[in-house]
Amino acid sequence: MVQLKTRRISAGAFFFLTGLCFSSWASRIPDFQQKFSLSEGQLGSVLLGLPLGSLLALPLAAWAVVKFGSRSVVMVGLSLYILVLVGIGFSMDAFFLSVMVFIFGMIGNMMNISLNTQALNLEKDYGRNILGSLHGLWSLAGFAGAGIGGLMVYFKLSPFHHYSIVSLIGVFVIFTFRNGFVPEVQDKSNSVKGMVWRKPDKTLLRLGMVGFCGMMCEGCMFDWSGVYMNKVVMAPAYLVPTGYIAYMGSMAIGRFAADKLAHRFGMISVLQGSGILIFSGLVLSIAYPFVYTVIIGFLMVGLGTAAIVPLCFSLAANSTSLPTGIAIAMVSTISFFGFLLGPPLIGFIAELTGLKASFALMSLVGLMVSILVYLSKKSFMPKAAL
C-alpha cells in the first residue's frame, strides 16, 4: 500500500506540473502573436483550438479513465502534454500552431479529468478536504511558470527553447513521482460517467453558472493579460509578463486562504466579495492603463477568481439530490465551458471594438458572480451563508 502522504505529494507534483505547462504556454502568447503578425481576431481563432480540443476530449477522457484507469491516463497524458508543449514552441506558422494548440487542449482536458479522479479518491481516503490545496498548487505553478516566462523573454530565449526546458522538468517530475499514484476504485469511474450523461438540478446549474462566470474571467486573464500589457499598456517587453505574474501569484495565495476565509465569513459572503473584486480590478485596469495600476488591478482579479471554483465545489458537495462526486463533476463541467469559451470570445470582440471593451465585458461577467450568488443564496444551502 502506498502511504497517503506519498500519494498526496505525487498528486501535488502532477497538479503543479500541469499548471506549469499551461502557464508556460500562456506566458508566451504575445510572442506568437508578434511572430506570426496575428490580429486580435486571428489570435482568437488560434486560441479557439483549445476549447475545441477540450470539448472533443471530454467523452474520450471519460472513456479512457473507465477503460484504463486514471493512473494510466495521467502517466500517458502528462508525457504527451510536455511533448506537445515543445511542438507548440516549434510552430513555424499559424496553422501548425493552431493544430498544436488543439491537441494541447485535448490532452489538457484528459489530464483535468484523470487528475481530479485521483484527487477525489485520495480525498476520500484522507477523510477530509484536500482538493483546494491541490488546485492551489496548480495556481502556484501558474505563478512560477509566468515568472520563468518573464525570465525567458528577458534573456531573449525563444518559446521552443523555453518549452524544451519545461519539458525536461516534466520528465524529471514524472519519473520521480510516478509510483505515488494508485488505481482508483470503481465507484469513481461511475462519477465520470455521470458527468457525461446526467442532467443537473436547478441548484447545481446555478452553481455551475457562478463557476462559469468565474472561470471565464480566469480564461481571460490566462490568455489575454500579457496581450493587454503589450497592446494597451504598451509596457516594455521585459515587463509584459508581470501582469500575468501578479494575477497568478495573488490567485495562488487566495486559493490557499479560501478555506479559512470561508470558515470565518461564510462561503456566500466570500463568493459575493470575489465578484466585486474581479469587477473592481478590471475597471481599475481599464480606467488607468499604466503598468503599476494594471498590476494592482490584476492582483485584485487574481484574489477575486481564486475562491470561486473551490467554493462552488464545496457547495455542490452539499447536494442532496445526487452523490457528491457526480454533483462536483457537473458543476466542474459547466464551469469549464467558461474557461474555454472566454479567451476566443475576447479575441473576436477585441477585433471589433478593442481590448479595453473586451475587458470591460469581463468586468461585468465578474460582477455577475456577485449578482447570481445574491439571487440564489437561499438555494445554495442556507447554512453556508451564515
# chains A, B, ... in the order shown; residues from 1 in each chain; ligands from 1
call {"tool": "residues_around", "arguments": {"residues": "Leu122 (chain A)", "least_positions_apart": "4", "cutoff": "9 Å", "atoms": "only C-alpha atoms", "output": "compact mmCIF listing (two decimals) with N, CA and C atoms, in the first residue's frame"}}
result
# COMPACT_ATOMS: atom_id res chain seq x y z
N LEU A 4 -0.52 7.51 2.34
CA LEU A 4 -1.31 8.66 1.95
C LEU A 4 -0.43 9.88 1.69
N ARG A 7 1.18 9.58 -1.68
CA ARG A 7 0.19 9.81 -2.74
C ARG A 7 -0.14 11.29 -2.88
N ARG A 8 -0.25 11.98 -1.74
CA ARG A 8 -0.58 13.41 -1.80
C ARG A 8 0.56 14.21 -2.42
N ALA A 11 0.43 13.56 -6.14
CA ALA A 11 -0.68 14.28 -6.76
C ALA A 11 -0.36 15.77 -6.86
N THR A 117 -9.87 12.78 -10.73
CA THR A 117 -10.33 11.47 -10.29
C THR A 117 -9.40 10.91 -9.22
N GLN A 118 -8.10 11.01 -9.46
CA GLN A 118 -7.13 10.58 -8.46
C GLN A 118 -7.27 11.39 -7.18
N TYR A 126 -8.33 10.22 2.79
CA TYR A 126 -7.90 11.14 3.85
C TYR A 126 -9.03 11.39 4.84
N GLY A 127 -10.26 11.41 4.35
CA GLY A 127 -11.39 11.72 5.20
C GLY A 127 -11.59 13.19 5.45
N ILE A 130 -8.98 18.03 0.65
CA ILE A 130 -7.63 18.43 0.26
C ILE A 130 -7.58 18.93 -1.18
N GLU A 184 -7.74 3.96 -9.21
CA GLU A 184 -8.91 4.42 -8.47
C GLU A 184 -9.88 3.28 -8.25
call {"tool": "select_by_dssp", "arguments": {"residues": "region 20-248 of chain A", "states": "alpha helix (DSSP H)", "output": "PyMOL selection string"}}
result
chain A and resi 20-27+29-35+40-47+49-68+70-89+94-126+131-154+159-177+186-197+202-231+242-248
call {"tool": "closest_residue", "arguments": {"among": "A:Pro159, A:Pro51, A:Pro236, A:Gly149", "to": "Met106 (chain A)", "atoms": "only C-alpha atoms"}}
result
A:Pro51
call {"tool": "closest_residue", "arguments": {"among": "A:Val365, A:Met221, A:Met209, A:Leu204", "to": "Ser314 (chain A)", "atoms": "only C-alpha atoms"}}
result
A:Leu204
call {"tool": "closest_residue", "arguments": {"among": "A:Leu364, A:Leu205, A:Val86, A:Ala350", "to": "Ser376 (chain A)", "atoms": "only C-alpha atoms"}}
result
A:Leu205
call {"tool": "closest_residue", "arguments": {"among": "A:Gly281, A:Gly226, A:Gly214, A:Pro241", "to": "Gly338 (chain A)", "atoms": "only C-alpha atoms"}}
result
A:Gly214
call {"tool": "residues_around", "arguments": {"residues": "Val270 (chain A)", "least_positions_apart": "2", "cutoff": "10 Å", "atoms": "only C-alpha atoms", "output": "MDAnalysis selection string"}}
result
chainID A and resid 258:259 261:268 272:276 304 307:308 311 370 385
call {"tool": "write_last_selection", "arguments": {"atoms": "N, CA and C atoms", "output": "PDB file, in the first residue's frame"}}
result
ATOM      1  N   ALA A 258      -8.555  30.451   0.900  1.00  0.00           N
ATOM      2  CA  ALA A 258     -10.003  30.421   0.668  1.00  0.00           C
ATOM      3  C   ALA A 258     -10.760  29.683   1.767  1.00  0.00           C
ATOM      4  N   ASP A 259     -10.240  28.535   2.196  1.00  0.00           N
ATOM      5  CA  ASP A 259     -10.951  27.740   3.202  1.00  0.00           C
ATOM      6  C   ASP A 259     -11.091  28.500   4.522  1.00  0.00           C
ATOM      7  N   LEU A 261     -10.994  31.805   4.967  1.00  0.00           N
ATOM      8  CA  LEU A 261     -11.891  32.946   4.772  1.00  0.00           C
ATOM      9  C   LEU A 261     -13.347  32.503   4.770  1.00  0.00           C
ATOM     10  N   ALA A 262     -13.618  31.391   4.108  1.00  0.00           N
ATOM     11  CA  ALA A 262     -14.992  30.883   4.053  1.00  0.00           C
ATOM     12  C   ALA A 262     -15.474  30.465   5.444  1.00  0.00           C
ATOM     13  N   HIS A 263     -14.574  29.895   6.231  1.00  0.00           N
ATOM     14  CA  HIS A 263     -14.939  29.490   7.585  1.00  0.00           C
ATOM     15  C   HIS A 263     -15.262  30.703   8.444  1.00  0.00           C
ATOM     16  N   ARG A 264     -14.538  31.792   8.233  1.00  0.00           N
ATOM     17  CA  ARG A 264     -14.723  32.985   9.079  1.00  0.00           C
ATOM     18  C   ARG A 264     -15.911  33.827   8.636  1.00  0.00           C
ATOM     19  N   PHE A 265     -16.060  34.031   7.325  1.00  0.00           N
ATOM     20  CA  PHE A 265     -17.078  34.950   6.829  1.00  0.00           C
ATOM     21  C   PHE A 265     -18.265  34.262   6.160  1.00  0.00           C
ATOM     22  N   GLY A 266     -18.149  32.967   5.877  1.00  0.00           N
ATOM     23  CA  GLY A 266     -19.198  32.237   5.177  1.00  0.00           C
ATOM     24  C   GLY A 266     -18.927  32.179   3.687  1.00  0.00           C
ATOM     25  N   MET A 267     -19.289  31.063   3.082  1.00  0.00           N
ATOM     26  CA  MET A 267     -18.999  30.865   1.664  1.00  0.00           C
ATOM     27  C   MET A 267     -19.737  31.859   0.771  1.00  0.00           C
ATOM     28  N   ILE A 268     -20.990  32.167   1.123  1.00  0.00           N
ATOM     29  CA  ILE A 268     -21.765  33.088   0.307  1.00  0.00           C
ATOM     30  C   ILE A 268     -21.129  34.469   0.290  1.00  0.00           C
ATOM     31  N   GLN A 272     -19.592  36.498  -2.985  1.00  0.00           N
ATOM     32  CA  GLN A 272     -20.051  37.823  -3.385  1.00  0.00           C
ATOM     33  C   GLN A 272     -18.887  38.808  -3.427  1.00  0.00           C
ATOM     34  N   GLY A 273     -18.028  38.736  -2.440  1.00  0.00           N
ATOM     35  CA  GLY A 273     -16.848  39.609  -2.436  1.00  0.00           C
ATOM     36  C   GLY A 273     -15.912  39.310  -3.593  1.00  0.00           C
ATOM     37  N   SER A 274     -15.844  38.055  -4.006  1.00  0.00           N
ATOM     38  CA  SER A 274     -14.978  37.676  -5.122  1.00  0.00           C
ATOM     39  C   SER A 274     -15.412  38.364  -6.407  1.00  0.00           C
ATOM     40  N   GLY A 275     -16.724  38.376  -6.664  1.00  0.00           N
ATOM     41  CA  GLY A 275     -17.222  39.040  -7.860  1.00  0.00           C
ATOM     42  C   GLY A 275     -16.934  40.528  -7.862  1.00  0.00           C
ATOM     43  N   ILE A 276     -17.075  41.154  -6.701  1.00  0.00           N
ATOM     44  CA  ILE A 276     -16.798  42.590  -6.596  1.00  0.00           C
ATOM     45  C   ILE A 276     -15.318  42.876  -6.837  1.00  0.00           C
ATOM     46  N   GLY A 304      -9.913  37.723  -6.604  1.00  0.00           N
ATOM     47  CA  GLY A 304     -11.336  37.518  -6.838  1.00  0.00           C
ATOM     48  C   GLY A 304     -11.652  36.164  -7.440  1.00  0.00           C
ATOM     49  N   ALA A 307     -11.182  31.949  -5.176  1.00  0.00           N
ATOM     50  CA  ALA A 307     -12.036  31.121  -4.324  1.00  0.00           C
ATOM     51  C   ALA A 307     -13.279  30.605  -5.034  1.00  0.00           C
ATOM     52  N   ILE A 308     -13.587  31.110  -6.219  1.00  0.00           N
ATOM     53  CA  ILE A 308     -14.891  30.812  -6.828  1.00  0.00           C
ATOM     54  C   ILE A 308     -15.081  29.325  -7.095  1.00  0.00           C
ATOM     55  N   LEU A 311     -15.030  26.992  -3.842  1.00  0.00           N
ATOM     56  CA  LEU A 311     -16.230  27.160  -3.028  1.00  0.00           C
ATOM     57  C   LEU A 311     -17.471  26.630  -3.740  1.00  0.00           C
ATOM     58  N   SER A 370     -21.324  37.981  -8.229  1.00  0.00           N
ATOM     59  CA  SER A 370     -21.972  38.504  -7.027  1.00  0.00           C
ATOM     60  C   SER A 370     -23.483  38.523  -7.169  1.00  0.00           C
ATOM     61  N   ALA A 385     -24.458  30.359   4.234  1.00  0.00           N
ATOM     62  CA  ALA A 385     -24.455  31.819   4.160  1.00  0.00           C
ATOM     63  C   ALA A 385     -24.219  32.443   5.521  1.00  0.00           C
TER      64      ALA A 385
END
call {"tool": "decode", "arguments": {"residues": "region 100-122 of chain A", "atoms": "N, CA, C and O atoms", "output": "PDB file, in the first residue's frame"}}
result
ATOM      1  N   MET A 100      -1.381  22.414 -32.960  1.00  0.00           N
ATOM      2  CA  MET A 100      -0.743  22.051 -31.700  1.00  0.00           C
ATOM      3  C   MET A 100      -1.571  22.509 -30.501  1.00  0.00           C
ATOM      4  O   MET A 100      -1.690  21.793 -29.497  1.00  0.00           O
ATOM      5  N   VAL A 101      -2.151  23.701 -30.597  1.00  0.00           N
ATOM      6  CA  VAL A 101      -2.988  24.206 -29.505  1.00  0.00           C
ATOM      7  C   VAL A 101      -4.227  23.338 -29.346  1.00  0.00           C
ATOM      8  O   VAL A 101      -4.679  23.057 -28.224  1.00  0.00           O
ATOM      9  N   PHE A 102      -4.791  22.883 -30.466  1.00  0.00           N
ATOM     10  CA  PHE A 102      -5.947  21.981 -30.438  1.00  0.00           C
ATOM     11  C   PHE A 102      -5.604  20.688 -29.690  1.00  0.00           C
ATOM     12  O   PHE A 102      -6.346  20.240 -28.811  1.00  0.00           O
ATOM     13  N   ILE A 103      -4.472  20.089 -30.037  1.00  0.00           N
ATOM     14  CA  ILE A 103      -4.047  18.845 -29.374  1.00  0.00           C
ATOM     15  C   ILE A 103      -3.729  19.113 -27.903  1.00  0.00           C
ATOM     16  O   ILE A 103      -4.043  18.302 -27.029  1.00  0.00           O
ATOM     17  N   PHE A 104      -3.120  20.262 -27.637  1.00  0.00           N
ATOM     18  CA  PHE A 104      -2.803  20.660 -26.263  1.00  0.00           C
ATOM     19  C   PHE A 104      -4.078  20.738 -25.429  1.00  0.00           C
ATOM     20  O   PHE A 104      -4.109  20.313 -24.262  1.00  0.00           O
ATOM     21  N   GLY A 105      -5.159  21.281 -26.028  1.00  0.00           N
ATOM     22  CA  GLY A 105      -6.434  21.347 -25.333  1.00  0.00           C
ATOM     23  C   GLY A 105      -7.016  19.980 -25.062  1.00  0.00           C
ATOM     24  O   GLY A 105      -7.571  19.723 -23.984  1.00  0.00           O
ATOM     25  N   MET A 106      -6.907  19.070 -26.030  1.00  0.00           N
ATOM     26  CA  MET A 106      -7.408  17.707 -25.847  1.00  0.00           C
ATOM     27  C   MET A 106      -6.719  17.028 -24.663  1.00  0.00           C
ATOM     28  O   MET A 106      -7.371  16.494 -23.764  1.00  0.00           O
ATOM     29  N   ILE A 107      -5.401  17.043 -24.686  1.00  0.00           N
ATOM     30  CA  ILE A 107      -4.649  16.346 -23.641  1.00  0.00           C
ATOM     31  C   ILE A 107      -4.846  17.038 -22.297  1.00  0.00           C
ATOM     32  O   ILE A 107      -4.938  16.390 -21.248  1.00  0.00           O
ATOM     33  N   GLY A 108      -4.952  18.374 -22.315  1.00  0.00           N
ATOM     34  CA  GLY A 108      -5.160  19.115 -21.073  1.00  0.00           C
ATOM     35  C   GLY A 108      -6.446  18.712 -20.374  1.00  0.00           C
ATOM     36  O   GLY A 108      -6.480  18.558 -19.145  1.00  0.00           O
ATOM     37  N   ASN A 109      -7.521  18.523 -21.127  1.00  0.00           N
ATOM     38  CA  ASN A 109      -8.789  18.130 -20.505  1.00  0.00           C
ATOM     39  C   ASN A 109      -8.755  16.685 -20.025  1.00  0.00           C
ATOM     40  O   ASN A 109      -9.375  16.343 -19.008  1.00  0.00           O
ATOM     41  N   MET A 110      -8.042  15.839 -20.737  1.00  0.00           N
ATOM     42  CA  MET A 110      -7.869  14.468 -20.255  1.00  0.00           C
ATOM     43  C   MET A 110      -7.119  14.470 -18.922  1.00  0.00           C
ATOM     44  O   MET A 110      -7.444  13.697 -18.009  1.00  0.00           O
ATOM     45  N   MET A 111      -6.127  15.349 -18.809  1.00  0.00           N
ATOM     46  CA  MET A 111      -5.406  15.475 -17.547  1.00  0.00           C
ATOM     47  C   MET A 111      -6.317  16.014 -16.449  1.00  0.00           C
ATOM     48  O   MET A 111      -6.249  15.589 -15.294  1.00  0.00           O
ATOM     49  N   ASN A 112      -7.175  16.978 -16.801  1.00  0.00           N
ATOM     50  CA  ASN A 112      -8.086  17.564 -15.824  1.00  0.00           C
ATOM     51  C   ASN A 112      -8.980  16.498 -15.201  1.00  0.00           C
ATOM     52  O   ASN A 112      -9.149  16.433 -13.970  1.00  0.00           O
ATOM     53  N   ILE A 113      -9.552  15.628 -16.027  1.00  0.00           N
ATOM     54  CA  ILE A 113     -10.465  14.600 -15.529  1.00  0.00           C
ATOM     55  C   ILE A 113      -9.716  13.510 -14.757  1.00  0.00           C
ATOM     56  O   ILE A 113     -10.112  13.119 -13.653  1.00  0.00           O
ATOM     57  N   SER A 114      -8.614  13.030 -15.310  1.00  0.00           N
ATOM     58  CA  SER A 114      -7.898  11.925 -14.660  1.00  0.00           C
ATOM     59  C   SER A 114      -7.226  12.365 -13.367  1.00  0.00           C
ATOM     60  O   SER A 114      -7.245  11.624 -12.365  1.00  0.00           O
ATOM     61  N   LEU A 115      -6.645  13.563 -13.333  1.00  0.00           N
ATOM     62  CA  LEU A 115      -6.006  14.049 -12.108  1.00  0.00           C
ATOM     63  C   LEU A 115      -7.026  14.278 -11.006  1.00  0.00           C
ATOM     64  O   LEU A 115      -6.787  13.949  -9.836  1.00  0.00           O
ATOM     65  N   ASN A 116      -8.168  14.860 -11.356  1.00  0.00           N
ATOM     66  CA  ASN A 116      -9.195  15.095 -10.335  1.00  0.00           C
ATOM     67  C   ASN A 116      -9.829  13.799  -9.861  1.00  0.00           C
ATOM     68  O   ASN A 116     -10.268  13.699  -8.713  1.00  0.00           O
ATOM     69  N   THR A 117      -9.874  12.778 -10.726  1.00  0.00           N
ATOM     70  CA  THR A 117     -10.335  11.470 -10.285  1.00  0.00           C
ATOM     71  C   THR A 117      -9.403  10.911  -9.219  1.00  0.00           C
ATOM     72  O   THR A 117      -9.831  10.410  -8.174  1.00  0.00           O
ATOM     73  N   GLN A 118      -8.100  11.012  -9.462  1.00  0.00           N
ATOM     74  CA  GLN A 118      -7.127  10.580  -8.460  1.00  0.00           C
ATOM     75  C   GLN A 118      -7.268  11.389  -7.177  1.00  0.00           C
ATOM     76  O   GLN A 118      -7.230  10.845  -6.068  1.00  0.00           O
ATOM     77  N   ALA A 119      -7.444  12.716  -7.318  1.00  0.00           N
ATOM     78  CA  ALA A 119      -7.528  13.590  -6.149  1.00  0.00           C
ATOM     79  C   ALA A 119      -8.760  13.276  -5.307  1.00  0.00           C
ATOM     80  O   ALA A 119      -8.697  13.289  -4.071  1.00  0.00           O
ATOM     81  N   LEU A 120      -9.895  12.978  -5.956  1.00  0.00           N
ATOM     82  CA  LEU A 120     -11.115  12.646  -5.220  1.00  0.00           C
ATOM     83  C   LEU A 120     -10.965  11.331  -4.463  1.00  0.00           C
ATOM     84  O   LEU A 120     -11.450  11.189  -3.332  1.00  0.00           O
ATOM     85  N   ASN A 121     -10.283  10.365  -5.070  1.00  0.00           N
ATOM     86  CA  ASN A 121     -10.013   9.106  -4.359  1.00  0.00           C
ATOM     87  C   ASN A 121      -9.137   9.338  -3.136  1.00  0.00           C
ATOM     88  O   ASN A 121      -9.372   8.796  -2.052  1.00  0.00           O
ATOM     89  N   LEU A 122      -8.107  10.142  -3.325  1.00  0.00           N
ATOM     90  CA  LEU A 122      -7.197  10.443  -2.228  1.00  0.00           C
ATOM     91  C   LEU A 122      -7.919  11.202  -1.122  1.00  0.00           C
ATOM     92  O   LEU A 122      -7.711  10.941   0.072  1.00  0.00           O
TER      93      LEU A 122
END
